[in-house]
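K.L.:
Pasting entry-v7.txt below, which is compact mmCIF, N, CA and C atoms.
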# COMPACT_ATOMS: atom_id res chain seq x y z
N MET A 17 196.59 85.81 -32.79
CA MET A 17 196.40 85.57 -31.37
C MET A 17 196.61 86.88 -30.60
N LEU A 18 195.62 87.26 -29.84
CA LEU A 18 195.70 88.50 -29.08
C LEU A 18 196.51 88.28 -27.80
N ALA A 19 197.29 89.28 -27.43
CA ALA A 19 198.03 89.24 -26.17
C ALA A 19 197.04 89.18 -25.02
N SER A 20 197.43 88.53 -23.93
CA SER A 20 196.51 88.34 -22.80
C SER A 20 196.06 89.66 -22.18
N ASP A 21 196.95 90.68 -22.11
CA ASP A 21 196.53 91.96 -21.54
C ASP A 21 195.50 92.65 -22.43
N LEU A 22 195.64 92.53 -23.75
CA LEU A 22 194.66 93.10 -24.67
C LEU A 22 193.33 92.34 -24.55
N ARG A 23 193.40 91.03 -24.53
CA ARG A 23 192.19 90.21 -24.43
C ARG A 23 191.43 90.56 -23.14
N GLU A 24 192.13 90.64 -22.01
CA GLU A 24 191.48 90.97 -20.74
C GLU A 24 190.88 92.39 -20.77
N THR A 25 191.61 93.32 -21.36
CA THR A 25 191.10 94.70 -21.45
C THR A 25 189.86 94.76 -22.32
N LEU A 26 189.84 94.04 -23.43
CA LEU A 26 188.67 94.04 -24.31
C LEU A 26 187.45 93.42 -23.61
N VAL A 27 187.66 92.35 -22.86
CA VAL A 27 186.55 91.74 -22.12
C VAL A 27 186.00 92.75 -21.12
N MET A 28 186.87 93.43 -20.38
CA MET A 28 186.42 94.43 -19.41
C MET A 28 185.71 95.59 -20.10
N THR A 29 186.19 95.96 -21.29
CA THR A 29 185.59 97.06 -22.05
C THR A 29 184.18 96.69 -22.49
N VAL A 30 184.02 95.50 -23.08
CA VAL A 30 182.69 95.06 -23.51
C VAL A 30 181.74 95.02 -22.32
N ASP A 31 182.19 94.50 -21.20
CA ASP A 31 181.35 94.45 -20.01
C ASP A 31 180.93 95.86 -19.57
N ALA A 32 181.85 96.82 -19.69
CA ALA A 32 181.55 98.20 -19.30
C ALA A 32 180.56 98.86 -20.27
N MET A 33 180.51 98.38 -21.51
CA MET A 33 179.64 98.97 -22.54
C MET A 33 178.26 98.33 -22.59
N ARG A 34 177.98 97.38 -21.70
CA ARG A 34 176.75 96.58 -21.79
C ARG A 34 175.47 97.42 -21.77
N ASP A 35 175.48 98.59 -21.14
CA ASP A 35 174.28 99.43 -21.09
C ASP A 35 174.26 100.52 -22.17
N ALA A 36 175.22 100.48 -23.09
CA ALA A 36 175.26 101.50 -24.15
C ALA A 36 173.99 101.39 -25.00
N ARG A 37 173.42 102.52 -25.32
CA ARG A 37 172.19 102.57 -26.13
C ARG A 37 172.48 102.82 -27.61
N ASP A 38 173.64 103.41 -27.88
CA ASP A 38 174.02 103.74 -29.25
C ASP A 38 175.20 102.88 -29.67
N PRO A 39 175.47 102.82 -30.99
CA PRO A 39 176.62 102.05 -31.45
C PRO A 39 177.93 102.57 -30.84
N TRP A 40 178.86 101.66 -30.62
CA TRP A 40 180.19 102.01 -30.15
C TRP A 40 181.19 101.13 -30.90
N TRP A 41 182.43 101.58 -30.95
CA TRP A 41 183.48 100.89 -31.69
C TRP A 41 184.79 100.95 -30.93
N VAL A 42 185.60 99.91 -31.08
CA VAL A 42 187.01 99.96 -30.74
C VAL A 42 187.71 100.35 -32.04
N ILE A 43 188.62 101.33 -31.96
CA ILE A 43 189.31 101.81 -33.17
C ILE A 43 190.83 101.72 -32.95
N SER A 44 191.58 102.19 -33.90
CA SER A 44 193.04 102.30 -33.87
C SER A 44 193.74 100.95 -33.74
N SER A 45 194.81 100.89 -32.94
CA SER A 45 195.66 99.69 -32.92
C SER A 45 194.93 98.45 -32.43
N ALA A 46 194.06 98.59 -31.43
CA ALA A 46 193.34 97.41 -30.92
C ALA A 46 192.42 96.85 -32.01
N ALA A 47 191.78 97.74 -32.77
CA ALA A 47 190.91 97.28 -33.87
C ALA A 47 191.74 96.60 -34.95
N ALA A 48 192.91 97.15 -35.25
CA ALA A 48 193.78 96.52 -36.25
C ALA A 48 194.20 95.13 -35.78
N ALA A 49 194.52 95.00 -34.50
CA ALA A 49 194.88 93.69 -33.94
C ALA A 49 193.70 92.72 -34.05
N LEU A 50 192.50 93.20 -33.77
CA LEU A 50 191.31 92.35 -33.88
C LEU A 50 191.07 91.88 -35.32
N HIS A 51 191.48 92.71 -36.28
CA HIS A 51 191.36 92.32 -37.69
C HIS A 51 192.51 91.41 -38.12
N GLY A 52 193.44 91.13 -37.20
CA GLY A 52 194.52 90.20 -37.51
C GLY A 52 195.78 90.83 -38.06
N ALA A 53 195.90 92.16 -38.02
CA ALA A 53 197.11 92.83 -38.50
C ALA A 53 198.28 92.45 -37.60
N VAL A 54 199.37 92.02 -38.21
CA VAL A 54 200.58 91.66 -37.46
C VAL A 54 201.82 92.12 -38.23
N PRO A 55 202.89 92.44 -37.54
CA PRO A 55 202.97 92.59 -36.09
C PRO A 55 202.42 93.96 -35.69
N ILE A 56 201.76 94.00 -34.58
CA ILE A 56 201.19 95.28 -34.13
C ILE A 56 201.31 95.39 -32.62
N GLU A 57 201.70 96.56 -32.16
CA GLU A 57 201.81 96.80 -30.73
C GLU A 57 200.61 97.62 -30.29
N VAL A 58 199.90 97.13 -29.29
CA VAL A 58 198.72 97.83 -28.78
C VAL A 58 199.06 98.36 -27.39
N GLY A 59 199.08 99.69 -27.27
CA GLY A 59 199.42 100.31 -26.00
C GLY A 59 198.21 100.69 -25.17
N ASP A 60 197.07 100.85 -25.86
CA ASP A 60 195.83 101.18 -25.17
C ASP A 60 194.67 100.77 -26.07
N VAL A 61 193.46 100.89 -25.55
CA VAL A 61 192.26 100.55 -26.31
C VAL A 61 191.43 101.82 -26.44
N ASP A 62 191.19 102.23 -27.68
CA ASP A 62 190.41 103.43 -27.96
C ASP A 62 188.98 103.04 -28.28
N VAL A 63 188.03 103.63 -27.54
CA VAL A 63 186.61 103.34 -27.74
C VAL A 63 185.91 104.63 -28.16
N LEU A 64 185.18 104.53 -29.25
CA LEU A 64 184.42 105.65 -29.78
C LEU A 64 182.94 105.38 -29.53
N MET A 65 182.25 106.35 -28.93
CA MET A 65 180.82 106.15 -28.62
C MET A 65 180.10 107.49 -28.59
N SER A 66 178.78 107.45 -28.41
CA SER A 66 177.98 108.68 -28.35
C SER A 66 178.29 109.43 -27.06
N VAL A 67 178.01 110.72 -27.05
CA VAL A 67 178.25 111.54 -25.86
C VAL A 67 177.41 111.04 -24.68
N ALA A 68 176.14 110.74 -24.93
CA ALA A 68 175.27 110.28 -23.83
C ALA A 68 175.78 108.97 -23.23
N ASP A 69 176.14 108.01 -24.09
CA ASP A 69 176.66 106.75 -23.60
C ASP A 69 178.01 106.94 -22.90
N ALA A 70 178.88 107.76 -23.47
CA ALA A 70 180.19 107.99 -22.85
C ALA A 70 180.03 108.60 -21.46
N GLN A 71 179.12 109.54 -21.33
CA GLN A 71 178.90 110.16 -20.02
C GLN A 71 178.41 109.12 -19.01
N ARG A 72 177.47 108.31 -19.43
CA ARG A 72 176.92 107.28 -18.56
C ARG A 72 178.00 106.26 -18.16
N VAL A 73 178.77 105.77 -19.14
CA VAL A 73 179.81 104.78 -18.87
C VAL A 73 180.90 105.37 -17.98
N MET A 74 181.32 106.60 -18.29
CA MET A 74 182.37 107.23 -17.48
C MET A 74 181.90 107.44 -16.05
N ASP A 75 180.64 107.82 -15.87
CA ASP A 75 180.09 107.99 -14.51
C ASP A 75 180.11 106.65 -13.77
N GLN A 76 179.67 105.57 -14.45
CA GLN A 76 179.63 104.24 -13.83
C GLN A 76 181.03 103.75 -13.45
N LEU A 77 182.03 104.08 -14.28
CA LEU A 77 183.39 103.60 -14.06
C LEU A 77 184.21 104.53 -13.15
N GLY A 78 183.65 105.71 -12.86
CA GLY A 78 184.39 106.67 -12.06
C GLY A 78 185.51 107.37 -12.83
N VAL A 79 185.34 107.47 -14.15
CA VAL A 79 186.34 108.12 -15.01
C VAL A 79 186.06 109.62 -15.06
N VAL A 80 187.10 110.40 -14.80
CA VAL A 80 186.97 111.86 -14.83
C VAL A 80 187.29 112.35 -16.24
N PRO A 81 186.41 113.17 -16.84
CA PRO A 81 186.69 113.70 -18.18
C PRO A 81 188.02 114.46 -18.21
N ASP A 82 188.70 114.33 -19.34
CA ASP A 82 190.01 114.93 -19.54
C ASP A 82 189.93 115.95 -20.67
N GLY A 83 191.01 116.63 -20.95
CA GLY A 83 191.03 117.67 -21.98
C GLY A 83 191.38 117.15 -23.36
N ALA A 84 191.46 118.07 -24.31
CA ALA A 84 191.76 117.76 -25.70
C ALA A 84 193.26 117.94 -25.96
N GLY A 85 193.73 117.30 -27.01
CA GLY A 85 195.11 117.45 -27.41
C GLY A 85 195.21 118.33 -28.65
N ALA A 86 196.42 118.51 -29.14
CA ALA A 86 196.63 119.36 -30.31
C ALA A 86 196.14 118.70 -31.59
N MET A 87 196.25 117.36 -31.66
CA MET A 87 195.90 116.65 -32.89
C MET A 87 194.51 116.02 -32.85
N PHE A 88 194.05 115.67 -31.66
CA PHE A 88 192.75 115.04 -31.51
C PHE A 88 191.95 115.80 -30.47
N ARG A 89 190.64 115.83 -30.66
CA ARG A 89 189.78 116.41 -29.63
C ARG A 89 188.45 115.67 -29.63
N SER A 90 187.82 115.68 -28.47
CA SER A 90 186.54 115.01 -28.30
C SER A 90 185.64 115.90 -27.47
N THR A 91 184.33 115.79 -27.72
CA THR A 91 183.37 116.48 -26.87
C THR A 91 183.52 115.97 -25.45
N LEU A 92 183.75 114.67 -25.33
CA LEU A 92 183.95 114.03 -24.04
C LEU A 92 185.07 113.01 -24.20
N PHE A 93 186.05 113.05 -23.29
CA PHE A 93 187.20 112.15 -23.35
C PHE A 93 187.59 111.78 -21.93
N GLY A 94 187.89 110.51 -21.72
CA GLY A 94 188.37 110.06 -20.42
C GLY A 94 189.20 108.81 -20.54
N ARG A 95 190.04 108.59 -19.56
CA ARG A 95 190.94 107.42 -19.53
C ARG A 95 190.56 106.51 -18.37
N TRP A 96 190.15 105.28 -18.70
CA TRP A 96 189.83 104.27 -17.69
C TRP A 96 191.11 103.47 -17.47
N GLU A 97 191.67 103.58 -16.29
CA GLU A 97 192.98 103.02 -16.02
C GLU A 97 192.97 101.72 -15.22
N LEU A 98 191.80 101.18 -14.91
CA LEU A 98 191.71 99.92 -14.16
C LEU A 98 192.15 98.69 -14.97
N PRO A 99 191.76 98.55 -16.24
CA PRO A 99 192.16 97.36 -17.01
C PRO A 99 193.69 97.30 -17.21
N PRO A 100 194.19 96.14 -17.64
CA PRO A 100 195.63 96.01 -17.90
C PRO A 100 196.16 97.07 -18.87
N LEU A 101 195.39 97.38 -19.92
CA LEU A 101 195.72 98.48 -20.83
C LEU A 101 194.74 99.61 -20.59
N VAL A 102 195.20 100.84 -20.67
CA VAL A 102 194.31 102.00 -20.50
C VAL A 102 193.26 101.99 -21.61
N VAL A 103 192.02 102.29 -21.24
CA VAL A 103 190.93 102.41 -22.21
C VAL A 103 190.61 103.89 -22.34
N GLU A 104 190.77 104.43 -23.53
CA GLU A 104 190.44 105.83 -23.80
C GLU A 104 189.03 105.88 -24.38
N ILE A 105 188.14 106.55 -23.68
CA ILE A 105 186.74 106.67 -24.08
C ILE A 105 186.57 108.03 -24.75
N MET A 106 186.07 108.01 -25.99
CA MET A 106 185.94 109.23 -26.78
C MET A 106 184.53 109.37 -27.34
N ALA A 107 184.00 110.57 -27.26
CA ALA A 107 182.70 110.87 -27.87
C ALA A 107 182.80 112.22 -28.56
N GLY A 108 182.19 112.33 -29.73
CA GLY A 108 182.33 113.57 -30.50
C GLY A 108 183.77 113.75 -30.92
N PHE A 109 184.37 112.69 -31.45
CA PHE A 109 185.81 112.63 -31.74
C PHE A 109 186.13 113.31 -33.07
N HIS A 110 187.18 114.14 -33.05
CA HIS A 110 187.66 114.85 -34.25
C HIS A 110 189.17 114.75 -34.33
N VAL A 111 189.68 114.78 -35.57
CA VAL A 111 191.12 114.79 -35.81
C VAL A 111 191.46 116.05 -36.60
N ALA A 112 192.61 116.66 -36.28
CA ALA A 112 193.07 117.85 -37.02
C ALA A 112 193.66 117.39 -38.35
N THR A 113 193.15 117.95 -39.45
CA THR A 113 193.68 117.66 -40.78
C THR A 113 193.99 118.98 -41.47
N SER A 114 194.54 118.90 -42.66
CA SER A 114 194.84 120.13 -43.41
C SER A 114 193.57 120.90 -43.73
N ALA A 115 192.43 120.22 -43.73
CA ALA A 115 191.14 120.87 -44.01
C ALA A 115 190.47 121.38 -42.73
N GLY A 116 191.14 121.23 -41.58
CA GLY A 116 190.56 121.64 -40.30
C GLY A 116 190.16 120.42 -39.49
N TRP A 117 189.34 120.65 -38.47
CA TRP A 117 188.90 119.54 -37.62
C TRP A 117 187.90 118.68 -38.39
N THR A 118 188.18 117.38 -38.44
CA THR A 118 187.36 116.42 -39.18
C THR A 118 186.75 115.42 -38.21
N LYS A 119 185.42 115.30 -38.25
CA LYS A 119 184.74 114.37 -37.37
C LYS A 119 185.04 112.93 -37.78
N VAL A 120 185.26 112.08 -36.80
CA VAL A 120 185.51 110.67 -37.04
C VAL A 120 184.34 109.88 -36.45
N LEU A 121 183.57 109.27 -37.34
CA LEU A 121 182.44 108.44 -36.92
C LEU A 121 182.31 107.31 -37.93
N PRO A 122 182.64 106.10 -37.53
CA PRO A 122 182.59 104.98 -38.48
C PRO A 122 181.21 104.78 -39.10
N ARG A 123 181.21 104.29 -40.34
CA ARG A 123 179.97 103.95 -41.06
C ARG A 123 179.69 102.46 -40.97
N THR A 124 180.75 101.67 -40.71
CA THR A 124 180.61 100.22 -40.65
C THR A 124 180.80 99.75 -39.22
N ARG A 125 180.27 98.57 -38.93
CA ARG A 125 180.37 98.04 -37.56
C ARG A 125 180.43 96.51 -37.66
N VAL A 126 181.63 95.99 -37.45
CA VAL A 126 181.87 94.55 -37.58
C VAL A 126 182.01 93.93 -36.19
N PRO A 127 181.22 92.88 -35.89
CA PRO A 127 181.35 92.21 -34.60
C PRO A 127 182.50 91.19 -34.65
N ILE A 128 183.35 91.24 -33.63
CA ILE A 128 184.44 90.26 -33.50
C ILE A 128 184.35 89.69 -32.08
N PHE A 129 184.35 88.36 -31.99
CA PHE A 129 184.20 87.72 -30.69
C PHE A 129 185.53 87.60 -29.96
N VAL A 130 185.52 87.97 -28.69
CA VAL A 130 186.67 87.83 -27.80
C VAL A 130 186.12 87.22 -26.51
N ASN A 131 186.54 86.01 -26.20
CA ASN A 131 186.05 85.32 -24.98
C ASN A 131 184.53 85.38 -24.85
N LYS A 132 183.83 85.04 -25.92
CA LYS A 132 182.36 84.98 -25.96
C LYS A 132 181.68 86.34 -25.80
N ARG A 133 182.45 87.42 -25.99
CA ARG A 133 181.88 88.77 -25.96
C ARG A 133 182.08 89.39 -27.34
N VAL A 134 181.19 90.30 -27.70
CA VAL A 134 181.28 90.94 -29.01
C VAL A 134 181.93 92.31 -28.89
N VAL A 135 183.03 92.47 -29.61
CA VAL A 135 183.72 93.76 -29.72
C VAL A 135 183.40 94.29 -31.12
N TYR A 136 182.99 95.54 -31.20
CA TYR A 136 182.64 96.14 -32.50
C TYR A 136 183.79 97.00 -33.00
N VAL A 137 184.12 96.83 -34.28
CA VAL A 137 185.19 97.60 -34.92
C VAL A 137 184.70 98.04 -36.31
N PRO A 138 185.29 99.10 -36.86
CA PRO A 138 185.01 99.41 -38.28
C PRO A 138 185.56 98.29 -39.15
N ASP A 139 185.03 98.14 -40.37
CA ASP A 139 185.59 97.12 -41.24
C ASP A 139 187.03 97.50 -41.62
N ARG A 140 187.76 96.53 -42.17
CA ARG A 140 189.20 96.73 -42.45
C ARG A 140 189.45 97.96 -43.30
N ALA A 141 188.68 98.11 -44.38
CA ALA A 141 188.92 99.23 -45.30
C ALA A 141 188.65 100.57 -44.62
N GLU A 142 187.56 100.65 -43.88
CA GLU A 142 187.25 101.90 -43.20
C GLU A 142 188.27 102.20 -42.10
N LEU A 143 188.70 101.18 -41.37
CA LEU A 143 189.71 101.37 -40.35
C LEU A 143 191.02 101.88 -40.97
N ALA A 144 191.41 101.31 -42.10
CA ALA A 144 192.62 101.76 -42.79
C ALA A 144 192.48 103.23 -43.21
N GLU A 145 191.31 103.61 -43.73
CA GLU A 145 191.06 105.02 -44.09
C GLU A 145 191.21 105.93 -42.88
N MET A 146 190.63 105.50 -41.76
CA MET A 146 190.68 106.27 -40.53
C MET A 146 192.13 106.46 -40.07
N LEU A 147 192.90 105.38 -40.09
CA LEU A 147 194.30 105.45 -39.66
C LEU A 147 195.11 106.38 -40.57
N LYS A 148 194.83 106.34 -41.87
CA LYS A 148 195.51 107.25 -42.81
C LYS A 148 195.15 108.70 -42.49
N LEU A 149 193.90 108.94 -42.12
CA LEU A 149 193.45 110.28 -41.75
C LEU A 149 194.23 110.79 -40.53
N PHE A 150 194.49 109.89 -39.57
CA PHE A 150 195.26 110.29 -38.38
C PHE A 150 196.66 110.72 -38.79
N GLY A 151 197.25 110.03 -39.77
CA GLY A 151 198.47 110.48 -40.41
C GLY A 151 199.78 110.31 -39.66
N ARG A 152 199.76 109.84 -38.44
CA ARG A 152 201.02 109.65 -37.72
C ARG A 152 201.73 108.42 -38.29
N PRO A 153 203.06 108.38 -38.22
CA PRO A 153 203.78 107.22 -38.78
C PRO A 153 203.26 105.88 -38.26
N LYS A 154 202.97 105.77 -36.97
CA LYS A 154 202.47 104.50 -36.44
C LYS A 154 201.10 104.15 -37.01
N ASP A 155 200.26 105.16 -37.27
CA ASP A 155 198.94 104.91 -37.85
C ASP A 155 199.06 104.51 -39.32
N LEU A 156 199.97 105.15 -40.04
CA LEU A 156 200.17 104.79 -41.45
C LEU A 156 200.69 103.36 -41.57
N GLU A 157 201.55 102.94 -40.64
CA GLU A 157 202.04 101.56 -40.64
C GLU A 157 200.90 100.59 -40.35
N ARG A 158 200.03 100.93 -39.41
CA ARG A 158 198.88 100.08 -39.10
C ARG A 158 197.97 99.95 -40.30
N ALA A 159 197.74 101.07 -41.01
CA ALA A 159 196.91 101.04 -42.22
C ALA A 159 197.54 100.12 -43.26
N ARG A 160 198.86 100.19 -43.40
CA ARG A 160 199.55 99.33 -44.37
C ARG A 160 199.36 97.85 -44.01
N LEU A 161 199.44 97.55 -42.73
CA LEU A 161 199.28 96.16 -42.29
C LEU A 161 197.86 95.63 -42.53
N LEU A 162 196.90 96.53 -42.61
CA LEU A 162 195.50 96.12 -42.84
C LEU A 162 195.19 95.86 -44.31
N THR A 163 196.02 96.41 -45.20
CA THR A 163 195.71 96.30 -46.64
C THR A 163 196.59 95.31 -47.34
Hey, can you dump this file as structure tokens for me?
P.N.:
Amino acid sequence: MLASDLRETLVMTVDAMRDARDPWWVISSAAAALHGAVPIEVGDVDVLMSVADAQRVMDQLGVVPDGAGAMFRSTLFGRWELPPLVVEIMAGFHVATSAGWTKVLPRTRVPIFVNKRVVYVPDRAELAEMLKLFGRPKDLERARLLT
């Protein structure tokens, strides 16, 4: 059972993605929750999409692009703060690994229904791989909960 703030945020996210032309995914903790991993705490919703779609969606939502961090970087990144949980929009997403910057782009796309809307996530195995790649303790725990 999804928490009401997560459910409301996902509905708002799907509605915001309605004009996307390319595939998009919810990843990280929200995706793990959608796959039924418990117990899991979801602090925000991470959305991965193409640069063109991210630019269009961010313009429509009034989201100002933000900078990169030390561990993660994106060609385009922004935080939509209107929903109950912050939605982080990422395009051209990379994670710092021992091998250098590694592009993160899911190969699988699983539809999960939330209030009659379709949220797309990587499949469980791919999501677990992705979380292990991120390597933070909270991500490793989420990967464990998925397997």
K.L.:
Smallest atom-to-atom distance to Val137 (chain A): which of A:Leu26, A:Ala46, A:Leu161, A:Val102, using all atoms listed in the file?
P.N.:
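Distance minimum relative to Val137 (chain A) lands on A:Ala46.
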K.L.:
Can you pull out the residues contacting Trp41 (chain A)? Cut-off 8 Å, using only N, CA and C atoms, and skip same-chain residues under 3 positions away; I want them as a PyMOL selection string.
P.N.:
chain A and resi 38+44+47+62-66+122+125-126+135-138
K.L.:
Could you check the closest approach to Leu50 (chain A) for each of A:Ile128, A:Ala112, A:Asp75, A:Thr91 and tell me which residue wins, using only N, CA and C atoms?
P.N.:
A:Ile128
K.L.:
For atom N of Asp155 (chain A) and CA of Ser45 (chain A), quote the distance in Å rounded to one decimal.
P.N.:
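Interatomic distance, atom N of Asp155 (chain A) to CA of Ser45 (chain A): 8.4 Å.
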K.L.:
For Arg37 (chain A), list every protein, DNA or RNA residue within 12 Å, evaluated using only C-alpha atoms, and leave out those in the same chain fewer than 5 positions away; present the list as a list in words.
P.N.:
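With the cut-off at 12 Å, the set is Met65, Ser66, Val67, Ala68, Asp69, Ala70, Gln71, Arg72 and Val73 of chain A.
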K.L.:
Name the residues within 12 Å of (176.1, 97.7, -20.7), counting only C-alpha atoms in the file's coordinates, and put them as a PyMOL selection string.
P.N.:
chain A and resi 28-40+69-70+72-74+76-77+133-134
K.L.:
Given the choices A:Val120, A:Ala107, A:Ala53, A:Leu98, which gets closest to Met146 (chain A) if the distance is worked out from only C-alpha atoms?
P.N.:
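Of all the options, A:Val120 lies closest to Met146 (chain A).
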K.L.:
By how many Å are CA of Thr118 (chain A) and CA of Val54 (chain A) apart?
P.N.:
28.1 Å
K.L.:
Using all atoms listed in the file, collect all residues at a distance of at most 7 Å from (188.4, 116.3, -33.6) as written in the file, then present them as an mmCIF file with N, CA and C atoms, in the frame of the given file.
P.N.:
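See out.cif below for the written result:
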data_model
loop_
_atom_site.group_PDB
_atom_site.id
_atom_site.type_symbol
_atom_site.label_atom_id
_atom_site.label_comp_id
_atom_site.auth_asym_id
_atom_site.auth_seq_id
_atom_site.Cartn_x
_atom_site.Cartn_y
_atom_site.Cartn_z
ATOM 1 N N MET A 87 196.250 117.360 -31.660
ATOM 2 C CA MET A 87 195.900 116.650 -32.890
ATOM 3 C C MET A 87 194.510 116.020 -32.850
ATOM 4 N N PHE A 88 194.050 115.670 -31.660
ATOM 5 C CA PHE A 88 192.750 115.040 -31.510
ATOM 6 C C PHE A 88 191.950 115.800 -30.470
ATOM 7 N N ARG A 89 190.640 115.830 -30.660
ATOM 8 C CA ARG A 89 189.780 116.410 -29.630
ATOM 9 C C ARG A 89 188.450 115.670 -29.630
ATOM 10 N N SER A 90 187.820 115.680 -28.470
ATOM 11 C CA SER A 90 186.540 115.010 -28.300
ATOM 12 C C SER A 90 185.640 115.900 -27.470
ATOM 13 N N GLY A 108 182.190 112.330 -29.730
ATOM 14 C CA GLY A 108 182.330 113.570 -30.500
ATOM 15 C C GLY A 108 183.770 113.750 -30.920
ATOM 16 N N PHE A 109 184.370 112.690 -31.450
ATOM 17 C CA PHE A 109 185.810 112.630 -31.740
ATOM 18 C C PHE A 109 186.130 113.310 -33.070
ATOM 19 N N HIS A 110 187.180 114.140 -33.050
ATOM 20 C CA HIS A 110 187.660 114.850 -34.250
ATOM 21 C C HIS A 110 189.170 114.750 -34.330
ATOM 22 N N VAL A 111 189.680 114.780 -35.570
ATOM 23 C CA VAL A 111 191.120 114.790 -35.810
ATOM 24 C C VAL A 111 191.460 116.050 -36.600
ATOM 25 N N ALA A 112 192.610 116.660 -36.280
ATOM 26 C CA ALA A 112 193.070 117.850 -37.020
ATOM 27 C C ALA A 112 193.660 117.390 -38.350
ATOM 28 N N TRP A 117 189.340 120.650 -38.470
ATOM 29 C CA TRP A 117 188.900 119.540 -37.620
ATOM 30 C C TRP A 117 187.900 118.680 -38.390
ATOM 31 N N THR A 118 188.180 117.380 -38.440
ATOM 32 C CA THR A 118 187.360 116.420 -39.180
ATOM 33 C C THR A 118 186.750 115.420 -38.210
ATOM 34 N N LYS A 119 185.420 115.300 -38.250
ATOM 35 C CA LYS A 119 184.740 114.370 -37.370
ATOM 36 C C LYS A 119 185.040 112.930 -37.780
ATOM 37 N N VAL A 120 185.260 112.080 -36.800
ATOM 38 C CA VAL A 120 185.510 110.670 -37.040
ATOM 39 C C VAL A 120 184.340 109.880 -36.450
#
K.L.:
Name the residues in contact with Ile105 (chain A) at a cut-off of 5 Å, using all atoms listed in the file, excluding same-chain residues fewer than 6 positions from it; report them as a compact mmCIF listing (two decimals) with N, CA and C atoms, in the frame of the given file.
P.N.:
# COMPACT_ATOMS: atom_id res chain seq x y z
N VAL A 63 188.03 103.63 -27.54
CA VAL A 63 186.61 103.34 -27.74
C VAL A 63 185.91 104.63 -28.16
N PHE A 93 186.05 113.05 -23.29
CA PHE A 93 187.20 112.15 -23.35
C PHE A 93 187.59 111.78 -21.93
N GLY A 94 187.89 110.51 -21.72
CA GLY A 94 188.37 110.06 -20.42
C GLY A 94 189.20 108.81 -20.54
N ARG A 95 190.04 108.59 -19.56
CA ARG A 95 190.94 107.42 -19.53
C ARG A 95 190.56 106.51 -18.37
K.L.:
Can you work out the spacing between atom C of Leu149 (chain A) and CA of Asp82 (chain A) in Å, to one decimal?
P.N.:
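Separation of atom C of Leu149 (chain A) and CA of Asp82 (chain A): 21.8 Å.
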K.L.:
Give the strand (DSSP E or B) residues of region 59-109 of chain A, as assigned by DSSP on the backbone, as number ranges by chain.
P.N.:
A: 60-65, 81, 88-89, 92-96, 102-107
K.L.:
Would you mind writing down, as a ChimeraX atom specification, each residue of chain A that DSSP on the backbone assigns to alpha helix (DSSP H)?
P.N.:
/A:20-32,44-50,67-77,140-150,153-162
K.L.:
Edge lengths and centre in Å to one decimal, as AutoDock Vina command-line options, of the axis-aligned box that encloses all listed atoms of region 120-136 of chain A with 6 Å added on every side?
P.N.:
--center_x 183.2 --center_y 98.5 --center_z -33.0 --size_x 19.0 --size_y 39.1 --size_z 28.2
K.L.:
Looking at only C-alpha atoms, which of A:Ala141, A:Ile56, A:Leu147, A:Ala49 is the one that sits closest to Thr163 (chain A)?
P.N.:
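Checking each candidate against Thr163 (chain A), we get A:Ala141 as the closest.
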K.L.:
For Leu22 (chain A), list every protein, DNA or RNA residue within 8 Å, evaluated using all atoms listed in the file, and leave out those in the same chain fewer than 6 positions away; present the list as a PyMOL selection string.
P.N.:
chain A and resi 28+46+58+60-61+100-101
